[in-house]
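Text of query.txt, listed as compact mmCIF, C-alpha atoms:
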```txt
# COMPACT_ATOMS: atom_id res chain seq x y z
CA MET D 1 20.16 -8.41 -8.49
CA GLN D 2 18.18 -5.15 -8.41
CA TRP D 3 18.58 -4.14 -4.75
CA ALA D 4 16.08 -1.26 -4.74
CA ILE D 5 13.41 -3.50 -6.30
CA ALA D 6 14.18 -6.38 -3.93
CA THR D 7 14.06 -4.06 -0.89
CA ALA D 8 10.73 -2.51 -1.89
CA ALA D 9 9.23 -5.95 -2.52
CA PHE D 10 10.66 -7.20 0.78
CA LEU D 11 9.17 -4.35 2.82
CA ALA D 12 5.78 -4.47 1.09
CA SER D 13 5.64 -8.25 1.52
CA ALA D 14 6.62 -8.05 5.19
CA VAL D 15 3.64 -5.78 5.95
CA GLU D 16 1.16 -7.95 4.06
CA PHE D 17 2.54 -11.23 5.43
CA VAL D 18 2.25 -9.93 9.01
CA GLU D 19 -1.45 -9.22 8.33
CA ALA D 20 -2.00 -12.62 6.68
CA LEU D 21 -0.10 -14.42 9.44
CA THR D 22 -2.59 -13.16 12.03
CA ILE D 23 -5.45 -15.03 10.32
CA VAL D 24 -3.28 -18.11 9.66
CA LEU D 25 -2.45 -18.20 13.39
CA VAL D 26 -6.09 -17.81 14.37
CA VAL D 27 -7.09 -20.73 12.14
CA GLY D 28 -4.16 -22.80 13.47
CA VAL D 29 -5.00 -22.16 17.12
CA THR D 30 -8.81 -22.44 16.90
CA ILE D 31 -9.38 -25.07 14.17
CA ASN D 32 -6.12 -26.91 13.52
CA TRP D 33 -2.66 -26.28 12.13
CA ARG D 34 -3.04 -28.74 9.26
CA SER D 35 -5.95 -26.80 7.71
CA SER D 36 -4.25 -23.49 8.35
CA LEU D 37 -0.94 -24.46 6.72
CA VAL D 38 -2.57 -26.24 3.76
CA GLY D 39 -4.63 -23.09 3.02
CA ALA D 40 -1.58 -20.83 3.36
CA PHE D 41 0.58 -23.08 1.16
CA ALA D 42 -2.11 -23.32 -1.55
CA ALA D 43 -2.41 -19.53 -1.58
CA ALA D 44 1.38 -19.15 -1.87
CA VAL D 45 1.38 -21.50 -4.88
CA THR D 46 -1.48 -19.53 -6.48
CA LEU D 47 0.45 -16.28 -5.99
CA ALA D 48 3.62 -17.79 -7.47
CA ILE D 49 1.62 -18.89 -10.55
CA ILE D 50 0.12 -15.39 -10.93
CA VAL D 51 3.56 -13.73 -10.71
CA GLY D 52 5.14 -16.33 -13.01
CA THR D 53 2.54 -16.18 -15.77
CA LEU D 54 1.34 -12.57 -15.66
CA GLY D 55 4.83 -11.18 -15.01
CA VAL D 56 6.46 -13.06 -17.87
CA ALA D 57 3.55 -12.31 -20.24
CA LEU D 58 3.75 -8.58 -19.48
CA VAL D 59 7.48 -8.44 -20.03
CA GLN D 60 7.37 -10.42 -23.27
CA TYR D 61 4.35 -8.92 -25.01
CA VAL D 62 3.98 -5.29 -23.87
CA PRO D 63 6.37 -2.64 -25.32
CA ILE D 64 8.62 -1.18 -22.62
CA VAL D 65 7.47 2.45 -23.16
CA ILE D 66 3.81 1.54 -22.61
CA LEU D 67 4.77 -0.75 -19.72
CA ARG D 68 6.70 2.08 -18.05
CA LEU D 69 3.80 4.51 -18.36
CA VAL D 70 1.09 2.10 -17.18
CA VAL D 71 3.22 0.60 -14.41
CA GLY D 72 4.40 4.05 -13.33
CA ILE D 73 0.81 5.29 -12.96
CA ILE D 74 -0.27 2.13 -11.09
CA LEU D 75 2.72 2.44 -8.74
CA VAL D 76 1.87 6.09 -8.07
CA LEU D 77 -1.74 5.09 -7.25
CA PHE D 78 -0.59 2.26 -4.98
CA GLY D 79 2.11 4.42 -3.40
CA LEU D 80 -0.25 7.31 -2.64
CA LYS D 81 -2.75 4.88 -1.07
CA TRP D 82 -0.08 3.44 1.26
CA LEU D 83 1.47 6.84 1.98
CA LYS D 84 -1.89 8.40 2.83
CA LYS D 85 -2.70 5.62 5.33
CA ALA D 86 0.76 5.81 6.93
CA ILE D 87 0.66 9.63 7.25
CA LEU D 88 -2.83 9.53 8.78
CA ARG D 89 -1.64 6.89 11.29
CA TYR D 90 1.51 8.87 12.18
CA SER D 91 -0.55 12.00 12.79
CA GLY D 92 -3.03 10.14 14.99
CA LEU D 93 -6.03 10.75 12.70
CA LYS D 94 -6.29 7.01 12.00
CA ALA D 95 -5.81 4.23 14.53
CA LEU D 96 -2.68 2.07 14.21
CA HIS D 97 -3.23 -1.43 12.84
CA ASP D 98 -3.64 -3.61 15.93
CA GLU D 99 -2.76 -7.23 15.08
CA GLU D 100 -3.48 -8.40 18.63
CA ALA D 101 -7.02 -6.97 18.58
CA ILE D 102 -7.70 -8.55 15.16
CA PHE D 103 -6.32 -11.85 16.49
CA GLU D 104 -8.60 -11.81 19.55
CA GLU D 105 -11.64 -10.77 17.50
CA LYS D 106 -11.15 -13.56 14.93
CA MET D 107 -10.48 -16.10 17.70
CA ALA D 108 -13.78 -15.19 19.37
CA GLU D 109 -15.61 -15.50 16.03
CA LEU D 110 -14.18 -18.94 15.28
CA ARG D 111 -14.68 -20.24 18.83
CA THR D 112 -18.42 -19.56 18.53
CA ARG D 113 -18.41 -22.14 15.70
CA GLY D 114 -17.19 -24.63 18.31
CA GLU D 115 -15.17 -26.72 15.88
CA THR D 116 -11.96 -28.40 17.04
CA THR D 117 -10.80 -31.36 15.01
CA SER D 118 -7.44 -32.70 13.85
CA GLN D 119 -8.89 -33.51 10.38
CA LEU D 120 -8.54 -31.20 7.40
CA GLU D 121 -11.34 -28.69 7.92
CA PRO D 122 -12.59 -27.06 4.66
CA PHE D 123 -13.66 -23.86 6.42
CA GLY D 124 -10.23 -23.45 8.03
CA VAL D 125 -8.42 -24.17 4.75
CA ALA D 126 -10.62 -21.67 2.89
CA LEU D 127 -10.19 -18.95 5.52
CA SER D 128 -6.41 -19.37 5.61
CA TYR D 129 -6.24 -19.53 1.78
CA LYS D 130 -8.41 -16.43 1.37
CA SER D 131 -6.46 -14.30 3.84
CA VAL D 132 -3.04 -15.19 2.42
CA LEU D 133 -4.28 -14.78 -1.18
CA LEU D 134 -5.94 -11.41 -0.57
CA GLU D 135 -3.02 -9.95 1.36
CA GLY D 136 -0.53 -11.50 -1.06
CA LEU D 137 -2.31 -10.30 -4.19
CA GLU D 138 -1.22 -6.74 -3.56
CA VAL D 139 2.36 -7.97 -3.08
CA ALA D 140 2.14 -10.04 -6.27
CA PHE D 141 0.98 -6.93 -8.10
CA ILE D 142 3.87 -4.89 -6.68
CA VAL D 143 6.35 -7.66 -7.60
CA ILE D 144 5.03 -7.80 -11.17
CA THR D 145 4.82 -4.05 -11.73
CA PHE D 146 8.09 -3.23 -10.00
CA GLY D 147 9.96 -6.14 -11.54
CA SER D 148 8.65 -5.88 -15.09
CA ASN D 149 9.98 -2.35 -15.45
CA VAL D 150 13.63 -3.21 -15.00
CA THR D 151 13.85 -5.84 -17.70
CA THR D 152 15.79 -3.62 -20.09
CA THR D 153 18.84 -3.77 -17.84
CA GLY D 154 18.95 -7.52 -17.55
CA GLY D 155 16.33 -9.96 -18.79
CA LEU D 156 13.90 -11.03 -16.09
CA SER D 157 16.15 -9.92 -13.25
CA GLY D 158 13.64 -7.28 -12.13
CA ILE D 159 10.84 -9.77 -11.45
CA ALA D 160 13.33 -12.27 -10.04
CA SER D 161 14.77 -9.64 -7.65
CA ALA D 162 11.30 -8.61 -6.52
CA ALA D 163 10.27 -12.25 -6.08
CA ILE D 164 13.41 -12.95 -4.02
CA GLY D 165 12.67 -9.94 -1.78
CA ALA D 166 9.06 -11.11 -1.28
CA THR D 167 10.12 -14.71 -0.59
CA ILE D 168 12.70 -13.66 2.05
CA ALA D 169 10.05 -11.51 3.77
CA GLY D 170 7.62 -14.43 3.71
CA ILE D 171 10.17 -16.84 5.20
CA LEU D 172 11.17 -14.36 7.94
CA VAL D 173 7.59 -13.47 8.91
CA ILE D 174 6.34 -17.07 8.84
CA GLY D 175 9.45 -18.22 10.75
CA ALA D 176 8.95 -15.55 13.41
CA GLY D 177 5.24 -16.38 13.61
CA ALA D 178 5.97 -20.11 13.97
CA LEU D 179 8.44 -19.37 16.78
CA VAL D 180 6.27 -17.08 18.88
CA ARG D 181 2.88 -18.53 17.87
CA ALA D 182 1.30 -15.11 18.42
CA PRO D 183 0.52 -12.09 16.25
CA LEU D 184 3.64 -10.11 15.39
CA LYS D 185 2.67 -6.89 17.13
CA ARG D 186 6.26 -5.62 17.43
CA VAL D 187 6.74 -5.35 13.68
CA PRO D 188 6.65 -1.59 12.90
CA GLU D 189 3.88 -2.03 10.32
CA ASN D 190 3.21 1.66 9.84
CA THR D 191 6.88 2.51 9.32
CA LEU D 192 7.16 -0.27 6.73
CA LYS D 193 4.00 0.97 5.03
CA PHE D 194 5.38 4.51 5.00
CA VAL D 195 8.74 3.44 3.51
CA VAL D 196 7.00 1.33 0.85
CA GLY D 197 4.60 4.20 0.06
CA ILE D 198 7.56 6.56 -0.47
CA MET D 199 9.40 4.02 -2.66
CA LEU D 200 6.36 3.16 -4.80
CA THR D 201 5.48 6.83 -5.32
CA SER D 202 9.08 7.75 -6.18
CA PHE D 203 9.65 4.89 -8.64
CA GLY D 204 6.14 5.39 -10.06
CA THR D 205 6.75 9.10 -10.72
CA PHE D 206 10.12 8.32 -12.30
CA TRP D 207 8.82 5.61 -14.63
CA ALA D 208 5.57 7.38 -15.55
CA ALA D 209 7.50 10.46 -16.72
CA GLU D 210 9.93 8.21 -18.63
CA GLY D 211 6.88 6.61 -20.25
CA PHE D 212 6.12 10.05 -21.70
CA GLY D 213 9.62 10.13 -23.17
CA TYR D 214 10.97 12.47 -20.48
CA ASN D 215 14.67 12.18 -19.57
CA TRP D 216 15.27 12.95 -15.90
CA PRO D 217 18.32 15.04 -15.04
CA LEU D 218 21.08 12.83 -13.50
CA ALA D 219 19.22 9.75 -14.91
CA ASP D 220 18.52 7.05 -12.26
CA VAL D 221 20.13 9.13 -9.48
CA PHE D 222 17.07 11.39 -9.63
CA ILE D 223 15.08 8.60 -7.90
CA LEU D 224 17.02 9.48 -4.71
CA ILE D 225 16.03 13.14 -5.12
CA LEU D 226 12.38 12.07 -5.57
CA ILE D 227 12.60 9.94 -2.40
CA ALA D 228 14.05 12.90 -0.46
CA LEU D 229 11.39 15.24 -1.84
CA TYR D 230 8.47 12.97 -0.93
CA LEU D 231 10.00 12.26 2.51
CA LEU D 232 10.26 15.98 3.21
CA ALA D 233 6.70 16.59 2.01
CA SER D 234 5.43 13.71 4.16
CA PHE D 235 7.13 15.03 7.31
CA ILE D 236 5.64 18.49 6.71
CA LEU D 237 2.20 16.91 6.19
CA VAL D 238 2.48 14.78 9.37
CA THR D 239 3.43 17.90 11.39
CA TRP D 240 0.51 19.86 9.91
CA LEU D 241 -1.99 17.03 10.52
CA LYS D 242 -0.82 16.66 14.13
CA GLN D 243 -1.54 20.35 14.66
CA VAL D 244 -4.96 19.95 13.03
CA LYS D 245 -5.73 17.04 15.36
CA GLU D 246 -4.60 18.98 18.45
CA ARG D 247 -6.81 21.90 17.41
CA GLN D 248 -9.78 19.57 16.88
CA VAL D 249 -9.28 17.97 20.31
CA ALA D 250 -8.99 21.41 21.95
CA MET D 251 -12.15 22.61 20.19
CA ALA D 252 -14.06 19.49 21.20
CA SER D 253 -13.10 19.86 24.87
CA THR D 254 -14.03 23.58 24.81
CA ASP D 255 -17.40 22.71 23.28
CA ARG D 256 -17.96 20.06 25.95
CA GLU D 257 -17.10 22.50 28.75
CA THR D 258 -19.45 25.12 27.29
CA MET D 259 -22.29 22.57 27.09
CA VAL D 260 -21.74 21.40 30.67
CA THR D 261 -21.69 25.01 31.94
CA ALA D 262 -24.86 25.81 29.98
CA GLU D 263 -26.59 22.70 31.39
CA GLN D 264 -25.56 23.59 34.96
CA GLU D 265 -26.84 27.13 34.54
CA GLY D 266 -30.11 25.79 33.15
CA VAL D 267 -30.59 23.48 36.18
CA ARG D 268 -30.02 26.31 38.70
CA PRO D 269 -33.27 28.03 39.80
CA MET F 1 -20.09 -3.12 -11.52
CA ARG F 2 -18.99 -5.19 -8.55
CA VAL F 3 -15.83 -6.23 -10.40
CA ILE F 4 -14.97 -2.61 -11.27
CA ASN F 5 -15.53 -1.60 -7.66
CA ALA F 6 -13.30 -4.44 -6.45
CA ILE F 7 -10.49 -3.37 -8.84
CA TYR F 8 -10.90 0.27 -7.76
CA GLN F 9 -10.73 -0.69 -4.07
CA PHE F 10 -7.74 -2.96 -4.70
CA ILE F 11 -5.65 -0.44 -6.61
CA VAL F 12 -6.53 2.90 -5.07
CA GLY F 13 -9.75 3.06 -3.01
CA ASP F 14 -9.75 6.85 -2.99
CA MET F 15 -11.60 8.98 -5.52
CA ILE F 16 -9.43 12.09 -4.99
CA ILE F 17 -6.24 10.14 -5.72
CA LEU F 18 -7.78 8.47 -8.78
CA VAL F 19 -9.28 11.65 -10.29
CA GLY F 20 -6.16 13.68 -9.47
CA ILE F 21 -3.79 11.26 -11.15
CA ILE F 22 -6.10 10.85 -14.18
CA LEU F 23 -6.20 14.65 -14.54
CA ALA F 24 -2.40 14.81 -14.35
CA LEU F 25 -2.24 12.07 -16.97
CA ILE F 26 -4.58 13.97 -19.31
CA ILE F 27 -2.52 17.16 -18.92
CA LEU F 28 0.71 15.26 -19.68
CA LEU F 29 -0.91 13.58 -22.70
CA LEU F 30 -2.01 16.98 -24.03
CA ILE F 31 1.52 18.33 -23.55
CA GLU F 32 2.89 15.29 -25.37
CA TYR F 33 0.54 15.31 -28.36
CA VAL F 34 -0.60 18.94 -28.88
CA PRO F 35 2.15 20.74 -30.84
CA PHE F 36 1.12 24.09 -29.40
CA LEU F 37 2.00 22.81 -25.89
CA ALA F 38 5.29 21.20 -26.94
CA PRO F 39 7.50 23.79 -25.15
CA LEU F 40 6.09 22.45 -21.86
CA ARG F 41 7.57 18.98 -22.49
CA VAL F 42 10.74 19.92 -20.64
CA ALA F 43 8.63 20.36 -17.50
CA THR F 44 6.94 16.91 -17.65
CA GLY F 45 8.81 15.63 -14.59
CA ALA F 46 8.14 18.76 -12.54
CA ILE F 47 4.44 18.76 -13.50
CA LEU F 48 4.08 15.13 -12.44
CA ILE F 49 5.83 15.74 -9.08
CA VAL F 50 3.63 18.78 -8.36
CA ALA F 51 0.51 16.78 -9.34
CA VAL F 52 1.44 13.88 -7.03
CA LEU F 53 2.09 16.25 -4.11
CA ALA F 54 -1.12 18.18 -4.79
CA VAL F 55 -3.14 14.95 -4.83
CA LEU F 56 -1.55 13.84 -1.54
CA VAL F 57 -2.30 17.18 0.12
CA ALA F 58 -5.88 17.15 -1.23
CA THR F 59 -6.73 13.66 -0.02
CA LEU F 60 -5.16 14.24 3.42
CA SER F 61 -6.97 17.59 3.75
CA ARG F 62 -10.27 15.87 3.02
CA GLU F 63 -9.54 13.26 5.70
CA ALA F 64 -8.40 15.82 8.27
CA LEU F 65 -10.83 18.67 7.74
CA GLY F 66 -13.79 16.59 6.62
CA LYS F 67 -13.92 14.77 9.96
CA ARG F 68 -14.58 17.96 11.89
```

With the file now loaded, output its structure as structure tokens.
Amino acid sequence: MQWAIATAAFLASAVEFVEALTIVLVVGVTINWRSSLVGAFAAAVTLAIIVGTLGVALVQYVPIVILRLVVGIILVLFGLKWLKKAILRYSGLKALHDEEAIFEEKMAELRTRGETTSQLEPFGVALSYKSVLLEGLEVAFIVITFGSNVTTTGGLSGIASAAIGATIAGILVIGAGALVRAPLKRVPENTLKFVVGIMLTSFGTFWAAEGFGYNWPLADVFILILIALYLLASFILVTWLKQVKERQVAMASTDRETMVTAEQEGVRP
Amino acid sequence: MRVINAIYQFIVGDMIILVGIILALIILLLIEYVPFLAPLRVATGAILIVAVLAVLVATLSREALGKR
């Protein structure tokens, strides 16, 4: 079992499943649970097929050096995307993901359709399927890329570890969602996104350089140094962006005060 | 075109990140295959780390200062 791979897949999956669960819940509450669960299950099967076929094909047919380079670059791209979003949200420059608001908005949309039936409703199945597939596709990609890179140390254990991590996350999120029957707003989505962003960027940097034939000092232990380095850089960036935001807010309020004063002076005879 | 855009949005969705990492990749490829630049091979890891951090700073700066 590759614990680092399983953990990264678990965290990434948890974030995406929380987002998918919101739509599955909306469909369940507004249309019916049968359509919602059939759509979600069909999407889960599709994702399992994608991971099973694409993952195995990659591992078997692509040389490990090329795989490391390509996968490393893709992980860096993915990681930077997640990290950027998380840092912007921490600094207040981007609004936090609000599952409750999305839930209410989607509920209102579906209620205007005025459809409540206990039969299998194609629209509900499709909506549930689409949301789980789209959110899960990114996870499937992470599972394949993360997992396929660790095959040299033990057959398909990389993909299997990543798949186990993703499955546990799915079971936990779906279980929690089934219990509370409400969007999981207490899940620290941004923190999970931040941790996954750091892990993807660190592993991506490590593997991409190895793809160029570079041998890191201290071998695999250097991944921990990369994690520490990117964490430190992220904290510095969050602090800087918070200051930028405070300055922008201060400037905006000064501008507003100046405009109000100018208007009042213009009104006076 | 729509397919390319969908893949771009799915994987990265940010032109600064994409261009920055491609540039880093080109530099590392040159270091790897141009004999004249071979002495720089020992710095491959450091160059990649600096490139990743530079890309992160650049994209966040655009978001923060561009919104003014």

Q. Within 9 Å of chain D, which residues of chain F show up when using all atoms listed in the file, listed as a PyMOL selection string?
A. chain F and resi 10-14+17-18+21-22+25+28-29+32+41-45+48-49+52-53+55-57+59-61+63-65+68

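For the pair atom CA of D:Ser148 and atom CA of D:Gly197, the interatomic distance is 18.6 Å.
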
Spatial neighbours of D:Ser13, 9 Å, all atoms listed in the file, chain gap at least 4 places, as a compact mmCIF listing (two decimals) with C-alpha atoms, keeping the file's coordinate frame:
```txt
# COMPACT_ATOMS: atom_id res chain seq x y z
CA ALA D 8 10.73 -2.51 -1.89
CA ALA D 9 9.23 -5.95 -2.52
CA PHE D 17 2.54 -11.23 5.43
CA VAL D 18 2.25 -9.93 9.01
CA GLU D 135 -3.02 -9.95 1.36
CA GLY D 136 -0.53 -11.50 -1.06
CA GLU D 138 -1.22 -6.74 -3.56
CA VAL D 139 2.36 -7.97 -3.08
CA ALA D 140 2.14 -10.04 -6.27
CA GLY D 165 12.67 -9.94 -1.78
CA ALA D 166 9.06 -11.11 -1.28
CA THR D 167 10.12 -14.71 -0.59
CA ILE D 168 12.70 -13.66 2.05
CA ALA D 169 10.05 -11.51 3.77
CA GLY D 170 7.62 -14.43 3.71
```

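The shortest atom-to-atom distance to D:Phe10, with all atoms listed in the file taken into account, belongs to D:Ser161 out of D:Thr191, D:Ser253, D:Ser161, D:Thr239.
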
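As for atom CA of D:Val143 and atom CA of D:Thr53, they are spaced 12.4 Å apart.
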
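Here atom CA of D:Ile159 and atom CA of D:Ile142 stand 9.8 Å from one another.
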